[in-house]
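Just input_17.txt here, compact mmCIF, C-alpha atoms:
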# COMPACT_ATOMS: atom_id res chain seq x y z
CA MET A 1 40.03 -80.93 -42.18
CA ILE A 2 43.13 -80.48 -44.34
CA PRO A 3 42.77 -77.66 -46.94
CA PHE A 4 41.96 -78.46 -50.58
CA GLY A 5 39.94 -81.54 -49.59
CA GLY A 6 36.27 -81.85 -48.62
CA SER A 7 34.66 -80.39 -51.72
CA PRO A 8 30.98 -79.46 -51.28
CA LEU A 9 30.25 -80.26 -54.91
CA ASN A 10 28.57 -83.30 -56.41
CA ARG A 11 30.80 -83.87 -59.44
CA ALA A 12 27.86 -85.37 -61.37
CA SER A 13 30.24 -87.27 -63.64
CA GLU A 14 27.33 -89.03 -65.32
CA LYS A 15 26.31 -85.68 -66.87
CA ARG A 16 29.67 -84.85 -68.46
CA THR A 17 29.01 -86.64 -71.73
CA ASP A 18 25.67 -84.88 -72.23
CA SER A 19 26.85 -81.78 -74.09
CA ASN A 20 23.31 -80.40 -74.40
CA TRP A 21 22.79 -80.63 -70.64
CA ILE A 22 26.18 -79.05 -69.94
CA GLU A 23 25.51 -76.14 -72.30
CA SER A 24 22.02 -75.56 -70.92
CA ARG A 25 23.38 -75.44 -67.38
CA ARG A 26 26.15 -73.09 -68.39
CA ARG A 27 23.53 -70.69 -69.72
CA ASP A 28 21.18 -71.22 -66.78
CA PRO A 29 20.78 -67.94 -64.82
CA SER A 30 21.19 -69.83 -61.55
CA SER A 31 24.55 -71.36 -62.52
CA ILE A 32 27.75 -69.86 -61.15
CA VAL A 33 31.28 -69.57 -62.52
CA LEU A 34 34.69 -69.22 -60.87
CA PRO A 35 36.90 -67.06 -63.12
CA MET A 36 40.60 -67.93 -63.08
CA TRP A 37 43.28 -65.69 -64.62
CA ARG A 38 46.83 -66.97 -64.90
CA LEU A 39 45.66 -69.81 -62.63
CA GLU A 40 44.68 -67.30 -59.94
CA PRO A 41 41.10 -67.57 -58.57
CA PHE A 42 38.76 -64.59 -58.42
CA ILE A 43 37.93 -63.16 -54.98
CA LEU A 44 34.91 -60.94 -54.35
CA GLY A 45 35.24 -57.54 -52.72
CA SER A 46 38.26 -55.41 -51.98
CA GLU A 47 41.87 -56.47 -51.54
CA LYS A 48 41.84 -54.43 -48.34
CA SER A 49 39.32 -56.79 -46.73
CA GLY A 50 40.72 -59.18 -44.17
CA PRO A 51 40.04 -62.93 -44.03
CA PRO A 52 37.81 -64.75 -44.31
CA VAL A 53 36.90 -63.57 -47.79
CA GLU A 54 34.34 -64.81 -50.31
CA LEU A 55 35.37 -66.83 -53.33
CA GLY A 56 34.49 -65.07 -56.59
CA LEU A 57 31.68 -67.29 -57.81
CA VAL A 58 29.70 -65.08 -60.19
CA ARG A 59 26.48 -65.64 -62.09
CA ALA A 60 27.03 -67.29 -65.45
CA GLY A 61 25.45 -64.37 -67.27
CA VAL A 62 28.09 -62.00 -65.95
CA VAL A 63 30.84 -63.75 -67.90
CA ASP A 64 28.86 -64.84 -71.00
CA SER A 65 30.77 -62.43 -73.20
CA ILE A 66 34.10 -63.90 -72.08
CA VAL A 67 32.98 -67.50 -72.65
CA GLU A 68 31.53 -66.67 -76.05
CA ALA A 69 34.89 -65.15 -77.00
CA GLY A 70 36.42 -68.62 -76.68
CA ALA A 71 37.42 -68.85 -73.02
CA LEU A 72 37.89 -72.35 -71.63
CA CYS A 73 34.90 -73.17 -69.39
CA LEU A 74 34.84 -76.43 -67.38
CA PHE A 75 32.08 -78.09 -65.40
CA LEU A 76 33.07 -78.63 -61.76
CA GLY A 77 29.86 -80.10 -60.38
CA LEU A 78 26.57 -79.34 -58.68
CA ASP A 79 26.01 -77.36 -55.50
CA GLY A 80 22.55 -78.69 -54.72
CA GLU A 81 20.70 -78.05 -57.99
CA ARG A 82 23.01 -75.22 -59.07
CA ALA A 83 25.77 -75.95 -61.59
CA VAL A 84 29.27 -74.68 -60.87
CA PHE A 85 31.85 -73.98 -63.59
CA ALA A 86 35.46 -72.75 -63.75
CA MET A 87 36.58 -70.42 -66.51
CA ASP A 88 40.08 -69.63 -67.72
CA VAL A 89 39.96 -65.90 -68.47
CA PRO A 90 42.36 -65.12 -71.33
CA GLY A 91 44.35 -61.95 -71.89
CA ALA A 92 47.51 -60.25 -70.72
CA ASP A 93 45.73 -57.46 -68.84
CA ASP A 94 44.09 -58.02 -65.46
CA PRO A 95 40.40 -58.74 -66.25
CA ALA A 96 39.40 -57.44 -62.82
CA THR A 97 40.17 -53.91 -63.99
CA ALA A 98 38.07 -53.91 -67.17
CA GLY A 99 35.15 -55.79 -68.70
CA PRO A 100 32.34 -57.61 -66.90
CA LEU A 101 34.43 -58.39 -63.79
CA ALA A 102 35.59 -54.83 -63.19
CA GLY A 103 34.71 -53.59 -59.73
CA LEU A 104 33.53 -56.98 -58.47
CA GLY A 105 36.78 -58.24 -56.97
CA TYR A 106 40.37 -59.23 -57.66
CA PHE A 107 42.54 -62.21 -58.58
CA ARG A 108 44.89 -63.78 -56.05
CA ASP A 109 47.56 -66.50 -56.04
CA ALA A 110 45.88 -69.85 -55.40
CA ARG A 111 47.95 -70.65 -52.29
CA VAL A 112 47.15 -67.29 -50.75
CA ALA A 113 43.50 -67.46 -51.76
CA ALA A 114 43.07 -70.92 -50.26
CA SER A 115 44.37 -69.65 -46.93
CA ILE A 116 41.82 -66.82 -46.69
CA VAL A 117 38.62 -68.49 -47.95
CA SER A 118 36.57 -71.23 -46.31
CA LEU A 119 37.73 -74.84 -46.47
CA LYS A 120 34.91 -75.69 -48.88
CA ASP A 121 35.90 -72.86 -51.20
CA ALA A 122 39.55 -73.93 -51.03
CA ALA A 123 38.49 -77.35 -52.34
CA ILE A 124 36.75 -75.68 -55.29
CA ILE A 125 39.94 -73.71 -55.99
CA ALA A 126 41.94 -76.95 -55.98
CA GLN A 127 39.71 -78.61 -58.55
CA ALA A 128 39.50 -75.56 -60.81
CA LYS A 129 43.20 -74.74 -60.70
CA ALA A 130 44.35 -78.31 -61.36
CA MET A 131 41.90 -78.81 -64.22
CA ILE A 132 42.69 -75.55 -66.02
CA ASP A 133 46.41 -76.11 -65.58
CA TRP A 134 46.10 -79.56 -67.15
CA HIS A 135 44.25 -78.18 -70.18
CA GLN A 136 46.84 -75.45 -70.66
CA ARG A 137 49.60 -78.07 -70.84
CA HIS A 138 47.83 -80.75 -72.89
CA GLY A 139 46.62 -79.06 -76.02
CA PHE A 140 48.56 -81.51 -78.17
CA CYS A 141 48.54 -85.29 -78.34
CA ALA A 142 51.38 -87.02 -76.50
CA ARG A 143 51.22 -89.87 -79.03
CA CYS A 144 51.29 -88.07 -82.39
CA GLY A 145 51.60 -84.35 -81.62
CA ALA A 146 48.33 -83.31 -83.27
CA PRO A 147 45.96 -80.83 -81.56
CA THR A 148 43.44 -82.28 -79.12
CA LYS A 149 39.92 -81.06 -78.42
CA ILE A 150 37.97 -80.82 -75.20
CA MET A 151 35.40 -83.52 -74.48
CA ASP A 152 33.15 -84.53 -71.58
CA ALA A 153 32.80 -81.03 -70.10
CA GLY A 154 36.58 -80.82 -69.73
CA TYR A 155 37.40 -84.25 -68.29
CA ARG A 156 38.79 -85.73 -71.50
CA ARG A 157 40.75 -84.51 -74.50
CA LEU A 158 40.55 -86.33 -77.83
CA CYS A 159 43.18 -86.29 -80.54
CA GLY A 160 41.63 -85.40 -83.88
CA GLN A 161 44.24 -87.38 -85.78
CA CYS A 162 45.09 -90.64 -84.02
CA LYS A 163 41.98 -90.62 -81.77
CA ALA A 164 44.02 -91.12 -78.60
CA GLU A 165 42.16 -90.15 -75.43
CA HIS A 166 43.81 -88.09 -72.70
CA PHE A 167 42.47 -87.67 -69.18
CA PRO A 168 43.39 -85.25 -66.39
CA ARG A 169 46.22 -86.76 -64.41
CA VAL A 170 46.96 -86.78 -60.71
CA ASP A 171 50.51 -87.54 -59.55
CA PRO A 172 50.82 -89.49 -56.27
CA VAL A 173 53.37 -88.07 -53.83
CA VAL A 174 54.32 -89.56 -50.48
CA ILE A 175 54.97 -87.03 -47.73
CA MET A 176 56.19 -88.58 -44.53
CA LEU A 177 57.27 -87.72 -41.04
CA ALA A 178 59.93 -90.09 -39.80
CA THR A 179 60.07 -90.35 -35.99
CA PHE A 180 62.42 -91.87 -33.46
CA GLY A 181 61.46 -91.66 -29.82
CA GLU A 182 60.74 -88.04 -28.97
CA ALA A 183 62.08 -86.56 -32.22
CA CYS A 184 60.85 -86.18 -35.80
CA LEU A 185 62.86 -85.70 -38.97
CA VAL A 186 62.35 -82.58 -41.09
CA GLY A 187 64.20 -81.18 -44.07
CA ARG A 188 64.76 -77.86 -45.78
CA GLY A 189 64.46 -77.80 -49.55
CA LYS A 190 66.93 -75.67 -51.46
CA GLN A 191 64.05 -73.50 -52.65
CA PHE A 192 62.77 -72.95 -49.09
CA PRO A 193 63.40 -69.66 -47.27
CA PRO A 194 65.96 -69.79 -44.45
CA GLY A 195 64.67 -71.57 -41.37
CA MET A 196 61.72 -73.27 -43.11
CA PHE A 197 61.62 -77.02 -42.48
CA SER A 198 59.00 -79.53 -43.59
CA ALA A 199 58.26 -83.23 -43.79
CA LEU A 200 60.17 -85.03 -46.52
CA ALA A 201 58.34 -85.92 -49.72
CA GLY A 202 58.76 -87.50 -53.15
CA PHE A 203 56.86 -88.90 -56.11
CA VAL A 204 55.71 -92.51 -56.10
CA GLU A 205 57.49 -94.38 -58.90
CA PRO A 206 55.93 -96.95 -61.28
CA GLY A 207 55.63 -100.40 -59.74
CA GLU A 208 56.03 -99.08 -56.19
CA THR A 209 53.76 -99.26 -53.16
CA ILE A 210 53.19 -96.29 -50.86
CA GLU A 211 55.24 -97.97 -48.12
CA GLU A 212 58.09 -98.70 -50.52
CA ALA A 213 58.09 -95.10 -51.74
CA VAL A 214 58.25 -93.80 -48.16
CA ARG A 215 61.22 -96.02 -47.33
CA ARG A 216 63.03 -95.21 -50.58
CA GLU A 217 62.59 -91.46 -50.30
CA LEU A 218 63.79 -91.33 -46.69
CA MET A 219 66.84 -93.39 -47.58
CA GLU A 220 67.58 -91.31 -50.71
CA GLU A 221 67.13 -87.91 -49.12
CA ALA A 222 68.39 -88.49 -45.58
CA SER A 223 69.98 -91.98 -45.40
CA VAL A 224 67.38 -92.87 -42.78
CA LYS A 225 66.24 -96.47 -42.60
CA VAL A 226 62.66 -96.98 -41.40
CA GLY A 227 60.51 -99.94 -40.50
CA GLU A 228 56.80 -99.49 -39.85
CA VAL A 229 54.97 -97.08 -42.17
CA THR A 230 51.43 -95.98 -41.29
CA TYR A 231 48.96 -93.98 -43.35
CA TYR A 232 47.70 -90.64 -42.00
CA ALA A 233 45.63 -88.76 -44.60
CA THR A 234 45.72 -87.41 -48.15
CA GLN A 235 45.56 -83.92 -49.58
CA PRO A 236 44.84 -82.77 -53.12
CA TRP A 237 47.69 -80.40 -53.97
CA PRO A 238 46.98 -78.43 -57.16
CA PHE A 239 50.55 -77.25 -57.84
CA PRO A 240 50.14 -78.45 -60.48
CA SER A 241 48.14 -81.61 -59.71
CA SER A 242 49.37 -84.00 -57.03
CA LEU A 243 47.79 -86.17 -54.38
CA MET A 244 49.85 -85.87 -51.22
CA ILE A 245 49.77 -89.16 -49.31
CA GLY A 246 50.64 -88.40 -45.71
CA CYS A 247 52.39 -91.09 -43.67
CA PHE A 248 54.31 -91.63 -40.45
CA ALA A 249 57.43 -93.79 -40.49
CA LYS A 250 59.31 -95.34 -37.58
CA ALA A 251 63.05 -94.75 -37.99
CA GLU A 252 65.51 -97.34 -36.75
CA SER A 253 67.94 -94.72 -35.47
CA ARG A 254 68.60 -90.97 -35.48
CA ASP A 255 71.49 -91.36 -37.91
CA ALA A 256 70.88 -89.06 -40.86
CA LYS A 257 72.92 -87.67 -43.73
CA VAL A 258 71.41 -85.20 -46.18
CA ASP A 259 71.58 -85.81 -49.92
CA GLU A 260 72.63 -82.34 -51.04
CA ASN A 261 71.22 -82.99 -54.51
CA GLU A 262 67.79 -83.24 -52.93
CA LEU A 263 67.79 -81.00 -49.85
CA ALA A 264 69.75 -78.20 -48.23
CA GLU A 265 69.71 -79.88 -44.81
CA VAL A 266 67.84 -82.27 -42.52
CA ARG A 267 67.50 -82.20 -38.77
CA TRP A 268 65.69 -83.91 -35.91
CA LEU A 269 63.16 -81.83 -33.99
CA GLU A 270 62.36 -82.71 -30.41
CA ARG A 271 58.65 -83.04 -29.72
CA THR A 272 58.61 -80.05 -27.37
CA VAL A 273 60.21 -77.86 -30.05
CA ALA A 274 57.85 -79.13 -32.75
CA ARG A 275 54.88 -78.34 -30.51
CA GLU A 276 56.02 -74.76 -30.03
CA LEU A 277 56.69 -74.29 -33.73
CA ILE A 278 53.22 -75.55 -34.60
CA GLU A 279 51.81 -73.00 -32.17
CA GLY A 280 53.55 -70.27 -34.16
CA LYS A 281 56.44 -69.58 -31.83
CA GLN A 282 59.88 -68.67 -33.19
CA ILE A 283 62.70 -70.91 -31.98
CA ASP A 284 66.23 -70.30 -33.26
CA GLY A 285 64.80 -68.95 -36.49
CA LEU A 286 63.02 -72.22 -37.30
CA ARG A 287 59.62 -72.43 -38.98
CA VAL A 288 57.30 -75.19 -40.17
CA PRO A 289 54.72 -75.04 -42.97
CA PRO A 290 51.40 -73.24 -42.38
CA PRO A 291 48.07 -75.11 -41.97
CA ILE A 292 47.41 -75.04 -45.73
CA ALA A 293 49.97 -77.86 -46.12
CA ILE A 294 49.53 -81.46 -45.02
CA ALA A 295 53.08 -81.32 -43.62
CA HIS A 296 51.78 -78.96 -40.94
CA HIS A 297 49.12 -81.49 -39.93
CA LEU A 298 51.60 -84.38 -39.86
CA ILE A 299 53.90 -82.44 -37.54
CA ARG A 300 51.01 -81.17 -35.46
CA THR A 301 49.46 -84.62 -34.98
CA TRP A 302 52.77 -86.10 -33.86
CA ALA A 303 53.75 -83.10 -31.72
CA LEU A 304 50.47 -83.28 -29.80
CA GLY A 305 50.95 -86.94 -29.04
CA GLY A 306 49.50 -88.79 -32.04
CA LYS A 307 51.35 -91.61 -33.83
Whole structure given in structure tokens:
Amino acid sequence: MIPFGGSPLNRASEKRTDSNWIESRRRDPSSIVLPMWRLEPFILGSEKSGPPVELGLVRAGVVDSIVEAGALCLFLGLDGERAVFAMDVPGADDPATAGPLAGLGYFRDARVAASIVSLKDAAIIAQAKAMIDWHQRHGFCARCGAPTKIMDAGYRRLCGQCKAEHFPRVDPVVIMLATFGEACLVGRGKQFPPGMFSALAGFVEPGETIEEAVRRELMEEASVKVGEVTYYATQPWPFPSSLMIGCFAKAESRDAKVDENELAEVRWLERTVARELIEGKQIDGLRVPPPIAIAHHLIRTWALGGK
């Protein structure tokens, strides 16, 4: 399974409008909360512990004082009969060093955390991080500029002035591996470290199909013309809130020219080289993304003979 997907939670969306039910579950001793600070999830135990580690889901009562002080608390769903919430812990100082969370664990960057917890816990991180990030950036109405308030357990914001409704957004992104014979096309973004290459990607534009977006992005970024486009899988990517739509694309030739406004460079990888890179071997200083990214799984599937 690709990380950030496969959530174990029942989102129980039919309960979101029942504010009394939501509040009663938040105060229920059996309910659990994932604290997030600066969009970093809480991890139980010591930073010295090696993976796998346990996601910092704490009893609701532990963080009551923080919630009552005005912290944003969102309903994520049900784990069996137990309610699960995410909480945005405010403050400039690390809350793991003082207050009710002191001594219980530590906060860690979401990418790092997702790579050291279970796949199910990584999916919870994805939902919590994307939701809290959306609320932090949408406190004011995009229509009239007035403040908005939280509704439906965090899944809607309502403008108090013009009554416009705002819902958490997800941005569709195509990420595609173009192939020609025994080679696949990868690119290095300008922000990537030296030697790091990945599948090419770009946002889907209004009025565009997935296949059209794949063809456009490959032509824009690498001047590569492709024919057949096939779907592979999707991945929630909470940085800040995208849905990565993984595809394979059949190139018509190995002609390629990088758009230097988009990428630092592009290159074709032979299947044998791609296979070794996926296995973690170093070849001429080249690297591919780790398993946390869908790009890794696209390259791996093709390198091992798929598509």
Quiz prompt | Contacts of Ser46 of chain A at 12 Å (all atoms listed in the file; same-chain gap of 6+ positions) as an NGL selection string | solution = :A and (53-56 or 96 or 102-108)
Quiz item: Which residue out of A:Val58, A:Leu101, A:Val174, A:Leu44 has the minimum interatomic distance to Gly246 of chain A when all atoms listed in the file are used?
Solution: A:Val174
Quiz prompt | Point-to-point distance in Å for atom CA of Gly5 of chain A and atom CA of Thr234 of chain A | solution =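 Atom-to-atom, atom CA of Thr234 of chain A to atom CA of Gly5 of chain A, that is 8.4 Å.
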Quiz item: Closest to Phe203 of chain A among A:Ala295, A:Ala164, A:Ile245, A:Ala183, using all atoms listed in the file?
Solution: A:Ile245
Practice problem: Tell me which protein, DNA and RNA residues are within 10 Å of Thr301 of chain A, counting only C-alpha atoms, leaving out same-chain ones fewer than 6 positions away, and put them as number ranges by chain. | Solution: A: 232, 275, 278, 295, 307
Exercise. Go ahead and compute the interatomic distance for atom CA of Leu269 of chain A and atom CA of Phe4 of chain A, in Å to one decimal.
Key: 27.1 Å
Quiz item: How many Å lie between atom CA of Met87 of chain A and atom CA of Asn20 of chain A, rounded to one decimal?
Solution: 18.4 Å
Self-check item: Residue neighbourhood Gly227 of chain A, 7 Å, all atoms listed in the file, exclusion window fewer than 2 positions, as a ChimeraX atom specification
Solution: /A:229,249-252
